[in-house]
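In what follows, a single structure is set out as C-alpha cells and then discussed.
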Amino acid sequence: METKTKKPGTTIILMGSVIMTVILTQMDLDKMKPAKIGLLCCVALFIGCGFYANYAARKKVGKQ
C-alpha cells in the first residue's frame with residue numbers, strides 16, 4: 001500500500017520524541033544543569049526539523 005505523499009520527517013519526529021522521553025525520565029528536575037537544558041533544546045530543534053521536513057514534502061507535492 002503506497003501513499004500519495006511520503007513523510008520523511010515522521011521518523012525524525014519519532015526518534016526525537018523517544019530521545020526526549022529517555023532524557024526527561026532520567027533527569028532530576030531539581031538539579032537542572034545548563035548542559036541538560038542545552039541538550040533538551042537540541043532535541044527540540046531535532047524534532048522541529050522533522051516537522052519542517054514533513055511541511056516541505058507536503059509543499060513540494062502541492063506544486064506538482
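Every chain in the C-alpha cells takes a letter, A first, then B, and so on in the order presented; its residues are numbered from 1, and the ligands are numbered from 1 following the presented order.
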Open item on the list: Would you pick out the contacts of Val18 in chain A at 12 Å or less, using only C-alpha atoms, so that residues sharing its chain but fewer than 4 positions from it are not included, and give the list as a list in words?
Closed with: Thr11, Ile12, Ile13, Leu14, Val22, Ile23, Leu24, Thr25, Val43, Ala44, Phe46 and Ile47 of chain A
How would the residues just picked look written out with C-alpha atoms as a JSON list (two decimals), in the first residue's frame?
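Result written to part39.json:
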```json
[["chain", "number", "residue", "atom", "x", "y", "z"],
["A", 11, "THR", "CA", 10.96, 9.07, 11.57],
["A", 12, "ILE", "CA", 12.89, 12.13, 12.75],
["A", 13, "ILE", "CA", 9.99, 13.22, 14.97],
["A", 14, "LEU", "CA", 9.62, 9.71, 16.41],
["A", 22, "VAL", "CA", 14.55, 8.95, 27.80],
["A", 23, "ILE", "CA", 16.33, 12.16, 28.79],
["A", 24, "LEU", "CA", 13.37, 13.51, 30.76],
["A", 25, "THR", "CA", 12.78, 10.28, 32.67],
["A", 43, "VAL", "CA", 16.47, 17.54, 20.81],
["A", 44, "ALA", "CA", 13.57, 20.00, 20.46],
["A", 46, "PHE", "CA", 15.77, 17.98, 16.02],
["A", 47, "ILE", "CA", 12.02, 17.37, 16.37]]
```
Task: Non-local contacts of Gly48 in chain A (12 Å; only C-alpha atoms; under 6 positions in same chain excluded) as a ChimeraX atom specification - done: /A:9-10,12-17,41-42,54-55
Save the residues we just selected, all heavy atoms, as a PDB file, in the first residue's frame?
```pdb
ATOM      1  N   GLY A   9       9.855  13.263   7.526  1.00  0.00           N
ATOM      2  CA  GLY A   9      10.117  13.781   8.857  1.00  0.00           C
ATOM      3  C   GLY A   9       9.509  12.967   9.974  1.00  0.00           C
ATOM      4  O   GLY A   9       9.840  13.167  11.142  1.00  0.00           O
ATOM      5  N   THR A  10       8.633  12.019   9.651  1.00  0.00           N
ATOM      6  CA  THR A  10       7.962  11.243  10.687  1.00  0.00           C
ATOM      7  C   THR A  10       8.955  10.435  11.506  1.00  0.00           C
ATOM      8  O   THR A  10       8.848  10.363  12.728  1.00  0.00           O
ATOM      9  CB  THR A  10       6.907  10.318  10.047  1.00  0.00           C
ATOM     10  OG1 THR A  10       6.038  11.117   9.236  1.00  0.00           O
ATOM     11  CG2 THR A  10       6.094   9.614  11.096  1.00  0.00           C
ATOM     12  N   ILE A  12      12.104  11.185  11.968  1.00  0.00           N
ATOM     13  CA  ILE A  12      12.890  12.135  12.753  1.00  0.00           C
ATOM     14  C   ILE A  12      12.115  12.555  13.998  1.00  0.00           C
ATOM     15  O   ILE A  12      12.676  12.609  15.098  1.00  0.00           O
ATOM     16  CB  ILE A  12      13.247  13.369  11.894  1.00  0.00           C
ATOM     17  CG1 ILE A  12      14.131  12.939  10.723  1.00  0.00           C
ATOM     18  CG2 ILE A  12      13.933  14.435  12.726  1.00  0.00           C
ATOM     19  CD1 ILE A  12      14.361  14.033   9.709  1.00  0.00           C
ATOM     20  N   ILE A  13      10.817  12.816  13.832  1.00  0.00           N
ATOM     21  CA  ILE A  13       9.986  13.220  14.969  1.00  0.00           C
ATOM     22  C   ILE A  13       9.906  12.091  15.986  1.00  0.00           C
ATOM     23  O   ILE A  13      10.030  12.317  17.199  1.00  0.00           O
ATOM     24  CB  ILE A  13       8.580  13.624  14.490  1.00  0.00           C
ATOM     25  CG1 ILE A  13       8.661  14.869  13.604  1.00  0.00           C
ATOM     26  CG2 ILE A  13       7.640  13.866  15.663  1.00  0.00           C
ATOM     27  CD1 ILE A  13       7.387  15.179  12.859  1.00  0.00           C
ATOM     28  N   LEU A  14       9.718  10.861  15.511  1.00  0.00           N
ATOM     29  CA  LEU A  14       9.616   9.710  16.411  1.00  0.00           C
ATOM     30  C   LEU A  14      10.917   9.493  17.175  1.00  0.00           C
ATOM     31  O   LEU A  14      10.904   9.306  18.399  1.00  0.00           O
ATOM     32  CB  LEU A  14       9.252   8.459  15.618  1.00  0.00           C
ATOM     33  CG  LEU A  14       9.085   7.182  16.416  1.00  0.00           C
ATOM     34  CD1 LEU A  14       7.923   7.325  17.398  1.00  0.00           C
ATOM     35  CD2 LEU A  14       8.853   6.006  15.502  1.00  0.00           C
ATOM     36  N   MET A  15      12.043   9.552  16.478  1.00  0.00           N
ATOM     37  CA  MET A  15      13.340   9.370  17.146  1.00  0.00           C
ATOM     38  C   MET A  15      13.579  10.467  18.174  1.00  0.00           C
ATOM     39  O   MET A  15      14.034  10.196  19.291  1.00  0.00           O
ATOM     40  CB  MET A  15      14.472   9.382  16.116  1.00  0.00           C
ATOM     41  CG  MET A  15      14.584   8.136  15.302  1.00  0.00           C
ATOM     42  SD  MET A  15      15.817   8.228  13.990  1.00  0.00           S
ATOM     43  CE  MET A  15      17.215   8.928  14.799  1.00  0.00           C
ATOM     44  N   GLY A  16      13.274  11.702  17.819  1.00  0.00           N
ATOM     45  CA  GLY A  16      13.453  12.822  18.742  1.00  0.00           C
ATOM     46  C   GLY A  16      12.569  12.693  19.971  1.00  0.00           C
ATOM     47  O   GLY A  16      12.995  12.992  21.089  1.00  0.00           O
ATOM     48  N   SER A  17      11.345  12.221  19.761  1.00  0.00           N
ATOM     49  CA  SER A  17      10.432  12.045  20.889  1.00  0.00           C
ATOM     50  C   SER A  17      10.925  10.967  21.844  1.00  0.00           C
ATOM     51  O   SER A  17      10.843  11.118  23.067  1.00  0.00           O
ATOM     52  CB  SER A  17       9.029  11.688  20.383  1.00  0.00           C
ATOM     53  OG  SER A  17       8.528  12.709  19.572  1.00  0.00           O
ATOM     54  N   CYS A  41      17.158  21.446  24.395  1.00  0.00           N
ATOM     55  CA  CYS A  41      16.925  22.384  23.288  1.00  0.00           C
ATOM     56  C   CYS A  41      17.365  21.782  21.958  1.00  0.00           C
ATOM     57  O   CYS A  41      16.686  21.961  20.937  1.00  0.00           O
ATOM     58  CB  CYS A  41      17.657  23.690  23.535  1.00  0.00           C
ATOM     59  SG  CYS A  41      16.953  24.658  24.871  1.00  0.00           S
ATOM     60  N   CYS A  42      18.476  21.064  21.957  1.00  0.00           N
ATOM     61  CA  CYS A  42      18.946  20.423  20.731  1.00  0.00           C
ATOM     62  C   CYS A  42      17.973  19.347  20.254  1.00  0.00           C
ATOM     63  O   CYS A  42      17.698  19.233  19.057  1.00  0.00           O
ATOM     64  CB  CYS A  42      20.324  19.800  20.949  1.00  0.00           C
ATOM     65  SG  CYS A  42      21.629  21.013  21.096  1.00  0.00           S
ATOM     66  N   ASN A  54       8.398  17.339   6.986  1.00  0.00           N
ATOM     67  CA  ASN A  54       7.044  16.969   6.563  1.00  0.00           C
ATOM     68  C   ASN A  54       6.362  18.120   5.840  1.00  0.00           C
ATOM     69  O   ASN A  54       5.696  17.917   4.827  1.00  0.00           O
ATOM     70  CB  ASN A  54       6.197  16.545   7.774  1.00  0.00           C
ATOM     71  CG  ASN A  54       6.482  15.137   8.206  1.00  0.00           C
ATOM     72  OD1 ASN A  54       7.071  14.357   7.468  1.00  0.00           O
ATOM     73  ND2 ASN A  54       6.060  14.791   9.401  1.00  0.00           N
ATOM     74  N   TYR A  55       6.529  19.324   6.352  1.00  0.00           N
ATOM     75  CA  TYR A  55       5.921  20.506   5.725  1.00  0.00           C
ATOM     76  C   TYR A  55       6.479  20.718   4.316  1.00  0.00           C
ATOM     77  O   TYR A  55       5.739  20.969   3.361  1.00  0.00           O
ATOM     78  CB  TYR A  55       6.177  21.740   6.596  1.00  0.00           C
ATOM     79  CG  TYR A  55       5.826  23.038   5.930  1.00  0.00           C
ATOM     80  CD1 TYR A  55       4.501  23.428   5.779  1.00  0.00           C
ATOM     81  CD2 TYR A  55       6.828  23.875   5.443  1.00  0.00           C
ATOM     82  CE1 TYR A  55       4.187  24.621   5.153  1.00  0.00           C
ATOM     83  CE2 TYR A  55       6.515  25.061   4.825  1.00  0.00           C
ATOM     84  CZ  TYR A  55       5.202  25.437   4.678  1.00  0.00           C
ATOM     85  OH  TYR A  55       4.901  26.609   4.055  1.00  0.00           O
TER      86      TYR A  55
END
```
